[in-house]
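Novice: Sharing structure37.tsv here; it has TSV, C-alpha atoms and all ligand atoms.
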```
chain	number	residue	atom	x	y	z
I	1	MET	CA	5.68	103.83	-41.54
I	2	LYS	CA	2.43	103.63	-39.65
I	3	SER	CA	0.14	101.17	-41.44
I	4	TYR	CA	-3.61	101.63	-41.71
I	5	VAL	CA	-3.77	99.05	-44.53
I	6	PHE	CA	-3.76	95.23	-44.26
I	7	PRO	CA	-1.96	94.06	-42.27
I	8	CYS	CA	-1.94	97.00	-39.88
I	9	GLU	CA	0.87	97.48	-37.39
I	10	ILE	CA	1.98	94.09	-36.03
I	11	GLU	CA	3.68	93.89	-32.64
I	12	PRO	CA	7.46	93.80	-33.28
I	13	ASP	CA	7.93	90.64	-31.20
I	14	LEU	CA	5.17	88.88	-33.12
I	15	ARG	CA	6.75	89.94	-36.42
I	16	GLN	CA	9.98	88.49	-35.08
I	17	VAL	CA	8.38	85.04	-34.75
I	18	ALA	CA	8.64	84.73	-38.54
I	19	ALA	CA	12.37	85.47	-38.37
I	20	GLU	CA	13.13	82.58	-36.04
I	21	GLU	CA	14.59	79.25	-37.14
I	22	ILE	CA	12.26	77.69	-39.69
I	23	PRO	CA	10.79	74.40	-38.44
I	24	TYR	CA	10.60	71.33	-40.68
I	25	MET	CA	6.93	70.79	-41.45
I	26	ARG	CA	7.02	66.99	-41.81
I	27	THR	CA	7.35	66.38	-38.11
I	28	ALA	CA	4.84	65.27	-35.52
I	29	ALA	CA	5.47	68.50	-33.60
I	30	PHE	CA	4.52	70.72	-36.55
I	31	GLY	CA	1.46	68.56	-37.25
I	32	GLU	CA	0.36	68.87	-33.63
I	33	MET	CA	0.73	72.64	-33.80
I	34	VAL	CA	-1.41	72.82	-36.94
I	35	LYS	CA	-4.09	70.75	-35.22
I	36	THR	CA	-4.22	73.15	-32.28
I	37	ILE	CA	-4.49	76.05	-34.73
I	38	GLU	CA	-7.42	74.32	-36.43
I	39	GLN	CA	-9.21	73.80	-33.11
I	40	ASP	CA	-8.76	77.41	-31.98
I	41	LEU	CA	-9.92	78.77	-35.32
I	42	LEU	CA	-13.04	76.57	-35.26
I	43	ASP	CA	-13.86	77.79	-31.75
I	44	MET	CA	-13.48	81.41	-32.83
I	45	ALA	CA	-15.67	80.90	-35.90
I	46	GLY	CA	-18.45	79.11	-34.02
I	47	CYS	CA	-17.93	76.05	-36.21
I	48	LYS	CA	-18.35	73.16	-33.81
I	49	GLY	CA	-17.24	69.80	-35.13
I	50	GLY	CA	-16.23	71.41	-38.43
I	51	ARG	CA	-12.92	71.47	-40.26
I	52	THR	CA	-10.54	74.09	-41.53
I	53	ILE	CA	-8.15	74.01	-44.44
I	54	ILE	CA	-5.27	76.44	-44.24
I	55	PHE	CA	-3.89	77.15	-47.69
I	56	THR	CA	-0.64	78.87	-48.43
I	57	ALA	CA	-2.35	81.46	-50.62
I	58	SER	CA	-3.92	84.89	-50.31
I	59	GLY	CA	-7.63	85.21	-49.50
I	60	THR	CA	-8.61	84.88	-53.12
I	61	GLY	CA	-7.09	81.37	-53.07
I	62	ALA	CA	-9.69	80.35	-50.50
I	63	MET	CA	-12.46	81.96	-52.59
I	64	ASP	CA	-11.22	80.02	-55.61
I	65	ALA	CA	-11.17	76.81	-53.55
I	66	ALA	CA	-14.73	77.37	-52.31
I	67	VAL	CA	-15.97	77.71	-55.88
I	68	THR	CA	-14.03	74.80	-57.41
I	69	ASN	CA	-14.68	72.27	-54.62
I	70	TYR	CA	-18.17	73.23	-53.53
I	71	VAL	CA	-20.09	75.88	-55.46
I	72	SER	CA	-19.37	74.08	-58.74
I	73	THR	CA	-21.36	71.06	-57.47
I	74	LYS	CA	-24.52	73.18	-57.23
I	75	SER	CA	-26.98	73.84	-60.01
I	76	LYS	CA	-27.39	77.60	-59.53
I	77	ALA	CA	-25.55	80.20	-57.48
I	78	MET	CA	-26.68	83.68	-56.51
I	79	VAL	CA	-23.99	86.26	-55.75
I	80	ILE	CA	-24.42	89.45	-53.74
I	81	VAL	CA	-22.35	92.08	-55.53
I	82	GLY	CA	-21.92	95.18	-53.41
I	83	GLY	CA	-18.42	96.06	-54.61
I	84	SER	CA	-15.24	94.65	-56.04
I	85	PHE	CA	-15.07	91.66	-53.69
I	86	GLY	CA	-18.62	90.61	-54.50
I	87	ARG	CA	-17.69	90.96	-58.15
I	88	ARG	CA	-14.77	88.58	-57.51
I	89	TRP	CA	-17.17	85.82	-56.42
I	90	SER	CA	-19.15	86.43	-59.59
I	91	GLU	CA	-16.01	86.40	-61.76
I	92	LEU	CA	-14.88	83.14	-60.17
I	93	CYS	CA	-18.25	81.60	-61.02
I	94	SER	CA	-17.95	82.80	-64.61
I	95	TYR	CA	-14.36	81.58	-64.82
I	96	TYR	CA	-15.30	78.07	-63.75
I	97	GLY	CA	-18.52	78.00	-65.73
I	98	VAL	CA	-20.80	77.95	-62.66
I	99	ASN	CA	-24.38	78.91	-63.47
I	100	HIS	CA	-25.05	82.08	-61.43
I	101	VAL	CA	-27.04	85.29	-61.16
I	102	ASP	CA	-25.80	88.47	-59.52
I	103	TYR	CA	-27.75	90.40	-56.93
I	104	PRO	CA	-26.37	93.95	-57.20
I	105	VAL	CA	-26.23	96.26	-54.18
I	106	ASP	CA	-25.41	99.99	-54.51
I	107	PHE	CA	-22.10	101.41	-53.26
I	108	ALA	CA	-21.88	101.36	-49.45
I	109	LYS	CA	-25.61	100.56	-49.12
I	110	ASP	CA	-27.16	97.75	-47.12
I	111	ILE	CA	-29.21	95.04	-48.78
I	112	ASP	CA	-32.96	95.49	-49.06
I	113	TYR	CA	-33.67	92.17	-47.31
I	114	THR	CA	-37.32	91.99	-48.35
I	115	LYS	CA	-36.43	92.43	-51.99
I	116	PHE	CA	-33.55	90.01	-51.54
I	117	GLU	CA	-35.92	87.36	-50.19
I	118	GLN	CA	-38.28	87.87	-53.13
I	119	THR	CA	-35.37	87.44	-55.52
I	120	ILE	CA	-34.36	84.19	-53.82
I	121	ILE	CA	-37.94	82.95	-54.26
I	122	ALA	CA	-37.98	83.97	-57.92
I	123	GLU	CA	-34.48	82.78	-58.89
I	124	LYS	CA	-34.39	79.57	-56.81
I	125	PRO	CA	-30.60	79.33	-56.34
I	126	ASP	CA	-29.28	76.40	-54.32
I	127	VAL	CA	-26.21	78.29	-53.07
I	128	LEU	CA	-25.60	81.93	-52.11
I	129	LEU	CA	-22.19	83.60	-52.22
I	130	CYS	CA	-21.84	86.78	-50.24
I	131	HIS	CA	-19.65	88.91	-48.03
I	132	HIS	CA	-19.97	89.75	-44.41
I	133	HIS	CA	-18.00	92.94	-44.95
I	134	GLU	CA	-17.59	94.30	-48.50
I	135	THR	CA	-14.08	95.64	-47.87
I	136	SER	CA	-14.09	97.87	-50.95
I	137	THR	CA	-16.89	100.04	-49.53
I	138	GLY	CA	-16.88	99.45	-45.75
I	139	GLN	CA	-20.44	98.10	-45.74
I	140	LEU	CA	-21.33	95.23	-43.39
I	141	PHE	CA	-24.16	92.90	-44.40
I	142	ASP	CA	-26.49	91.22	-41.94
I	143	ILE	CA	-25.43	87.58	-42.18
I	144	ALA	CA	-27.87	86.44	-39.49
I	145	ARG	CA	-30.73	87.76	-41.63
I	146	ILE	CA	-29.28	86.37	-44.83
I	147	GLY	CA	-28.79	83.04	-43.03
I	148	ASP	CA	-32.45	82.98	-41.95
I	149	ILE	CA	-33.61	83.58	-45.49
I	150	CYS	CA	-31.25	80.92	-46.87
I	151	ARG	CA	-32.46	78.41	-44.29
I	152	ARG	CA	-36.08	79.13	-45.16
I	153	TYR	CA	-35.58	78.35	-48.87
I	154	GLY	CA	-32.97	75.59	-48.59
I	155	VAL	CA	-30.13	77.69	-49.99
I	156	SER	CA	-26.59	76.80	-48.91
I	157	LEU	CA	-24.67	79.81	-47.56
I	158	VAL	CA	-21.04	80.62	-48.41
I	159	VAL	CA	-19.60	83.70	-46.71
I	160	ASP	CA	-16.41	85.62	-47.38
I	161	ALA	CA	-15.53	86.91	-43.92
I	162	VAL	CA	-11.95	87.74	-44.90
I	163	SER	CA	-12.04	91.25	-43.44
I	164	SER	CA	-14.74	90.86	-40.78
I	165	PHE	CA	-13.48	87.77	-38.94
I	166	LEU	CA	-12.39	89.05	-35.49
I	167	SER	CA	-13.71	92.57	-36.13
I	168	ASP	CA	-17.47	91.92	-36.35
I	169	TYR	CA	-19.47	89.17	-34.70
I	170	ILE	CA	-19.99	86.08	-36.82
I	171	ASN	CA	-20.89	82.54	-35.84
I	172	MET	CA	-21.21	79.86	-38.48
I	173	ASP	CA	-23.46	77.46	-36.55
I	174	GLU	CA	-25.81	80.15	-35.32
I	175	MET	CA	-26.09	81.85	-38.70
I	176	GLY	CA	-26.25	78.67	-40.77
I	177	ILE	CA	-23.05	79.26	-42.74
I	178	ASP	CA	-21.81	76.20	-44.62
I	179	LEU	CA	-18.46	77.53	-45.83
I	180	MET	CA	-16.60	80.59	-44.63
I	181	ILE	CA	-13.24	82.03	-45.52
I	182	THR	CA	-10.70	84.40	-44.03
I	183	SER	CA	-7.01	85.17	-44.47
I	184	SER	CA	-3.98	85.93	-42.35
I	185	GLN	CA	-3.38	89.59	-43.15
I	186	LYS	CA	-6.82	90.91	-42.13
I	187	GLY	CA	-8.42	90.33	-38.71
I	188	LEU	CA	-5.66	87.99	-37.61
I	189	ASN	CA	-3.26	90.82	-38.44
I	190	ILE	CA	-0.17	88.77	-39.28
I	191	SER	CA	1.85	88.45	-42.50
I	192	PRO	CA	-0.10	87.87	-45.72
I	193	GLY	CA	0.16	84.39	-47.20
I	194	LEU	CA	-2.33	82.08	-45.47
I	195	SER	CA	-6.00	81.75	-46.31
I	196	ILE	CA	-8.42	79.68	-44.33
I	197	VAL	CA	-11.56	77.80	-45.36
I	198	PHE	CA	-13.94	76.86	-42.56
I	199	ILE	CA	-16.19	73.91	-43.33
I	200	SER	CA	-19.33	73.37	-41.28
I	201	SER	CA	-19.96	69.96	-39.71
I	202	ARG	CA	-23.07	69.83	-41.92
I	203	LEU	CA	-20.75	69.21	-44.88
I	204	LYS	CA	-18.85	66.44	-43.18
I	205	ASP	CA	-19.44	63.77	-45.80
I	206	TYR	CA	-19.90	66.09	-48.76
I	207	ARG	CA	-18.80	64.81	-52.15
I	208	TRP	CA	-16.49	67.64	-53.17
I	209	ALA	CA	-15.69	68.34	-56.80
I	210	HIS	CA	-12.14	67.97	-58.10
I	211	LEU	CA	-11.44	70.92	-60.36
I	212	SER	CA	-8.35	72.28	-58.69
I	213	TYR	CA	-5.27	70.18	-57.96
I	214	TYR	CA	-3.59	72.46	-55.43
I	215	PHE	CA	-6.79	73.52	-53.68
I	216	ASP	CA	-8.47	70.09	-53.68
I	217	PHE	CA	-10.50	69.84	-50.45
I	218	GLU	CA	-10.39	66.05	-50.26
I	219	THR	CA	-6.60	65.83	-50.55
I	220	ASN	CA	-6.08	68.72	-48.14
I	221	LEU	CA	-8.55	67.40	-45.57
I	222	LYS	CA	-7.00	63.96	-45.65
I	223	ASN	CA	-3.53	65.38	-44.95
I	224	LEU	CA	-4.82	67.78	-42.33
I	225	THR	CA	-6.13	64.95	-40.16
I	226	ARG	CA	-2.42	64.55	-39.29
I	227	GLY	CA	-1.90	68.32	-39.21
I	228	GLN	CA	-0.07	68.12	-42.51
I	229	THR	CA	-0.58	69.98	-45.76
I	230	PRO	CA	-0.06	68.15	-49.07
I	231	TYR	CA	2.39	70.81	-50.28
I	232	SER	CA	5.00	72.96	-48.51
I	233	PRO	CA	3.19	75.33	-46.16
I	234	ALA	CA	4.39	78.86	-45.32
I	235	THR	CA	5.78	77.53	-42.03
I	236	THR	CA	6.86	80.91	-40.68
I	237	ILE	CA	3.35	82.32	-41.04
I	238	PHE	CA	1.92	79.23	-39.33
I	239	MET	CA	4.24	80.07	-36.41
I	240	GLN	CA	2.92	83.62	-36.36
I	241	LEU	CA	-0.63	82.34	-36.53
I	242	ARG	CA	-0.07	80.05	-33.52
I	243	GLU	CA	1.33	83.00	-31.59
I	244	ARG	CA	-1.51	85.33	-32.66
I	245	LEU	CA	-4.15	82.84	-31.53
I	246	ASP	CA	-2.40	82.47	-28.15
I	247	ARG	CA	-2.42	86.24	-27.72
I	248	LEU	CA	-6.07	86.54	-28.73
I	249	LYS	CA	-7.01	83.93	-26.15
I	250	ALA	CA	-4.89	85.58	-23.45
I	251	ASP	CA	-6.43	88.98	-24.25
I	252	GLY	CA	-10.03	87.93	-23.69
I	253	GLY	CA	-10.89	86.08	-26.89
I	254	VAL	CA	-12.90	87.12	-29.92
I	255	ASP	CA	-15.41	89.39	-28.20
I	256	ALA	CA	-12.70	91.41	-26.49
I	257	ASN	CA	-10.88	91.74	-29.80
I	258	ILE	CA	-14.03	92.95	-31.53
I	259	ARG	CA	-14.47	95.56	-28.79
I	260	ARG	CA	-10.92	96.82	-29.25
I	261	VAL	CA	-11.33	97.12	-33.02
I	262	ARG	CA	-14.67	98.88	-32.57
I	263	GLN	CA	-13.19	101.38	-30.11
I	264	ARG	CA	-10.49	102.39	-32.59
I	265	ALA	CA	-13.10	102.71	-35.32
I	266	GLU	CA	-15.25	104.93	-33.10
I	267	ILE	CA	-12.35	107.22	-32.28
I	268	PHE	CA	-11.45	107.64	-35.94
I	269	ARG	CA	-15.07	108.11	-36.99
I	270	ALA	CA	-15.46	110.96	-34.52
I	271	LEU	CA	-12.38	112.56	-36.12
I	272	CYS	CA	-13.93	112.14	-39.60
I	273	ASP	CA	-17.03	113.93	-38.37
I	274	LYS	CA	-14.92	116.70	-36.84
I	275	TYR	CA	-13.06	117.30	-40.13
I	276	GLY	CA	-16.24	116.97	-42.22
I	277	TRP	CA	-15.36	113.77	-44.08
I	278	LYS	CA	-18.50	111.97	-45.17
I	279	ARG	CA	-18.71	108.28	-44.25
I	280	PRO	CA	-21.05	106.64	-46.77
I	281	ALA	CA	-21.42	103.12	-45.32
I	282	GLU	CA	-25.00	102.61	-44.18
I	283	ASN	CA	-23.96	99.99	-41.66
I	284	PRO	CA	-20.18	100.15	-41.34
I	285	SER	CA	-17.96	97.25	-40.33
I	286	ASN	CA	-15.63	97.82	-37.38
I	287	CYS	CA	-12.82	96.61	-39.63
I	288	LEU	CA	-12.25	99.90	-41.38
I	289	THR	CA	-13.57	103.41	-41.84
I	290	GLY	CA	-14.35	104.52	-45.38
I	291	PHE	CA	-14.65	108.26	-45.95
I	292	PHE	CA	-14.56	110.94	-48.64
I	293	VAL	CA	-11.96	113.68	-48.33
I	294	ASN	CA	-12.91	117.13	-49.55
I	295	ALA	CA	-9.84	117.98	-51.63
I	296	ASN	CA	-6.67	116.54	-53.18
I	297	GLY	CA	-7.99	113.02	-53.32
I	298	ASP	CA	-5.75	112.17	-56.29
I	299	ARG	CA	-2.62	112.80	-54.29
I	300	MET	CA	-3.81	111.87	-50.81
I	301	ALA	CA	-2.30	108.37	-50.60
I	302	SER	CA	1.10	109.35	-52.02
I	303	GLU	CA	1.31	112.54	-49.91
I	304	LEU	CA	0.49	110.52	-46.79
I	305	ILE	CA	3.26	108.04	-47.59
I	306	LYS	CA	5.67	111.01	-47.57
I	307	ARG	CA	4.33	111.81	-44.09
I	308	GLY	CA	4.78	108.24	-42.86
I	309	PHE	CA	1.25	106.81	-43.20
I	310	TYR	CA	-0.24	104.10	-45.42
I	311	ILE	CA	-3.97	104.38	-46.04
I	312	MET	CA	-6.01	102.64	-48.75
I	313	PRO	CA	-7.47	104.42	-51.78
I	314	GLY	CA	-11.02	103.17	-52.20
I	315	GLY	CA	-11.36	102.81	-55.97
I	316	THR	CA	-14.05	105.53	-55.97
I	317	PRO	CA	-12.67	109.09	-56.47
I	318	ASP	CA	-11.70	110.86	-53.21
I	319	TYR	CA	-12.70	107.77	-51.21
I	320	PHE	CA	-10.23	106.31	-48.70
I	321	ARG	CA	-10.20	103.55	-46.14
I	322	VAL	CA	-8.41	103.36	-42.82
I	323	ALA	CA	-8.24	99.89	-41.26
I	324	HIS	CA	-8.49	99.39	-37.49
I	325	PHE	CA	-6.42	96.34	-36.64
I	326	GLY	CA	-3.27	96.39	-34.54
I	327	ARG	CA	-2.20	99.04	-32.07
I	328	GLN	CA	-3.75	102.47	-32.71
I	329	THR	CA	-3.70	104.98	-29.88
I	330	VAL	CA	-5.92	108.05	-29.72
I	331	GLU	CA	-2.85	110.20	-30.35
I	332	GLU	CA	-1.86	108.16	-33.39
I	333	LEU	CA	-5.34	108.37	-34.89
I	334	GLU	CA	-5.39	112.12	-34.23
I	335	ALA	CA	-2.01	112.48	-35.93
I	336	LEU	CA	-3.31	110.56	-38.95
I	337	ALA	CA	-6.43	112.74	-39.20
I	338	ALA	CA	-4.34	115.91	-38.85
I	339	ALA	CA	-2.05	114.72	-41.67
I	340	ILE	CA	-5.06	114.01	-43.94
I	341	ALA	CA	-6.47	117.47	-43.16
I	342	GLU	CA	-3.09	119.01	-43.92
I	343	VAL	CA	-2.88	117.32	-47.34
I	344	GLU	CA	-6.40	118.57	-48.11
I	345	GLN	CA	-5.08	122.13	-47.72
I	346	VAL	CA	-1.98	121.72	-49.90
I	347	LYS	CA	-2.12	123.59	-53.22
I	348	PHE	CA	-0.49	121.46	-55.90
I	401	LIG	C1	-8.70	91.08	-48.71
I	401	LIG	C2	-9.93	90.40	-49.12
I	401	LIG	C3	-9.91	89.24	-49.90
I	401	LIG	C4	-8.66	88.58	-50.35
I	401	LIG	O1	-7.83	89.35	-51.10
I	401	LIG	P1	-6.35	88.83	-51.36
I	401	LIG	O2	-5.71	90.01	-52.02
I	401	LIG	O3	-6.43	87.66	-52.23
I	401	LIG	O4	-5.78	88.52	-50.02
I	401	LIG	C5	-11.10	88.62	-50.21
I	401	LIG	N1	-12.26	89.12	-49.78
I	401	LIG	C6	-12.33	90.22	-49.03
I	401	LIG	C7	-13.65	90.70	-48.56
I	401	LIG	C8	-11.18	90.90	-48.67
I	401	LIG	O5	-11.25	92.00	-47.91
```
Re-express the file's structure as structure tokens.

Specialist:
Amino acid sequence: MKSYVFPCEIEPDLRQVAAEEIPYMRTAAFGEMVKTIEQDLLDMAGCKGGRTIIFTASGTGAMDAAVTNYVSTKSKAMVIVGGSFGRRWSELCSYYGVNHVDYPVDFAKDIDYTKFEQTIIAEKPDVLLCHHHETSTGQLFDIARIGDICRRYGVSLVVDAVSSFLSDYINMDEMGIDLMITSSQKGLNISPGLSIVFISSRLKDYRWAHLSYYFDFETNLKNLTRGQTPYSPATTIFMQLRERLDRLKADGGVDANIRRVRQRAEIFRALCDKYGWKRPAENPSNCLTGFFVNANGDRMASELIKRGFYIMPGGTPDYFRVAHFGRQTVEELEALAAAIAEVEQVKF
């Protein structure tokens, strides 16, 4: 199978890392490895002097942790809801009884930043929850602009960068991001199972709330000073993560990775235009291409599986998403587009 979902194709020898002998995590060697992972991740996120917590959980675990430990200490949250992931922030706030207002954004549209600023002035939140890339639609939001507005009105900024980390430029210190999250199966393109919270140095002595035993920041941070996690970590994925970070550094770092992802996206977007598939995102992330097919949308994903391709249905009728991590040659992207065009023509 050729995977255009998360994770995308992973190099076979990197996949193999998870099949090697499983290390015991309560050793100094494992702790040292985790500490080097933390340092590399902080460098890549532009989070100087900050901390990371790596949870054995999917990305939503990190979102949950951000709300229970931090957002719940605030008096009012505002949530940018531009799709199902924005809605998840809002649902988490409701679930934990956090006072919040939603700021809705239309499907695949950018934010009207002037109106957004006026709403911040009117609503007076003290924390904003948003996405860099709303993965359900393909739309990228301008975090630098959002960060400026937040700074101006003293609003703390929490960003879900799960699908944009390593595909679109983001820098926590520059953009004034207090908490940021990502997870292993997206930009890092390794097995699912780890989610990462980045904590800015500005929150160094923050008095976190204690609403979640497993995800408790204070307990996790204390253990992580020795490179340890309070509970059994997914050791094999930590090994893959160490290897992935080494490869990223050897291949030119974050900027080079972003360029590679963007190039694949550009190739596939030209193919969409050639076949007449509309791409609705006003300002698309490099992470994936979202597009409408012109026929047979109901059966597209299952027919493509028969042809050896995974792509993601988009939730909206006839809308699909093709992710751009991992190896994707021009020929492979052309073969994918040809297969999609072929399914469009099939009479069921
Ligand atoms: C994938 C993703 C998540 C996490 O989803 P999980 O299924 O919990 O891994 C969160 N936010 C965004 C924007 C995502 O793309």

Novice: Figure out the distance between CA of Val17 in chain I and CA of Lys48 in chain I, please, to one decimal in Å.

Specialist: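 Between CA of Lys48 in chain I and CA of Val17 in chain I the gap is 29.3 Å.
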
Novice: Which residues sit within 6 Å of ligand LIG 401 (chain I), counting only C-alpha atoms and all ligand atoms, listed as a PyMOL selection string?

Specialist: chain I and resi 58-60+85+134-135+160+162-163

Novice: I'd like to know which of I:Phe348, I:Phe238, I:Phe309, I:Phe116 is closest to Ile190 in chain I, using only C-alpha atoms.

Specialist: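 Among the listed residues, I:Phe238 lies closest to Ile190 in chain I.
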
Novice: Pick out the residues sitting within 10 Å of Ala19 in chain I, and hand them over as a ChimeraX atom specification; count only C-alpha atoms, and ignore anything fewer than 4 positions along from it in its own chain.

Specialist: /I:13-15,236-237,239-240

Novice: Closest to Ile37 in chain I among I:Pro192, I:Ile181, I:Val346, I:Arg51, using all atoms listed in the file?

Specialist: I:Arg51

Novice: What does the structure give for the distance between CA of Thr229 in chain I and CA of Ser191 in chain I, in Å to one decimal?

Specialist: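 Going from CA of Thr229 in chain I over to CA of Ser191 in chain I covers 18.9 Å.
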
Novice: I'd like the neighbourhood of range 246-263 of chain I as a PyMOL selection string, where a residue qualifies if any of its atoms comes within 7 Å (using all atoms listed in the file), though same-chain residues fewer than 4 positions away should be ignored.

Specialist: chain I and resi 44+166-168+242+267+286-287+324-325

Novice: Check the smallest atom-to-atom distance from each of I:Glu282, I:Asp110, I:Glu91, I:Asp216 to Phe141 in chain I using only C-alpha atoms, then report the winner.

Specialist: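 Among I:Glu282, I:Asp110, I:Glu91, I:Asp216, it is I:Asp110 that comes nearest to Phe141 in chain I.
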
Novice: Return the single residue from I:Phe55, I:Tyr103, I:Tyr113, I:Tyr70 that is closest to Leu179 in chain I, with distances computed using only C-alpha atoms.

Specialist: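 Of I:Phe55, I:Tyr103, I:Tyr113, I:Tyr70, the one nearest Leu179 in chain I is I:Tyr70, counting only C-alpha atoms.
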
Novice: State, in Å with one decimal place, the distance from CA of Ile80 in chain I to CA of Tyr213 in chain I.

Specialist: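 Value for the CA of Ile80 in chain I-CA of Tyr213 in chain I distance: 27.5 Å.
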
Novice: Of the candidates I:Gly46, I:Gly314, I:Gly193, I:Gly154, which shows the shortest atom-to-atom distance to Met180 in chain I, using only C-alpha atoms?

Specialist: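 Comparing I:Gly46, I:Gly314, I:Gly193, I:Gly154 against Met180 in chain I, the winner is I:Gly46.
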
Novice: For each of I:Ser136, I:Glu342, I:Ile111, I:Leu42, take the minimum atom-to-atom distance to Arg87 in chain I, counting all atoms listed in the file, then give the residue where this is smallest.

Specialist: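 When distances to Arg87 in chain I are compared using all atoms listed in the file, the smallest one comes from I:Ser136.
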
Novice: Could you list, as a PyMOL selection string, every residue within 8 Å of Phe291 in chain I, counting all atoms listed in the file and ignoring same-chain residues fewer than 3 positions away?

Specialist: chain I and resi 272+277-280+319-321

Novice: Please identify all polymer residues within 10 Å of Ser232 in chain I, counting all atoms listed in the file, omitting same-chain residues fewer than 6 positions from it, and present them as a PyMOL selection string.

Specialist: chain I and resi 24-26+55-56

Novice: Pick out the residues sitting within 8 Å of Val101 in chain I, and hand them over as a list of chain:residue names; count all atoms listed in the file, and ignore anything fewer than 2 positions along from it in its own chain.

Specialist: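 In the requested form, the answer reads I:Lys76, I:Ala77, I:Met78, I:Val79, I:Asn99, I:Tyr103.
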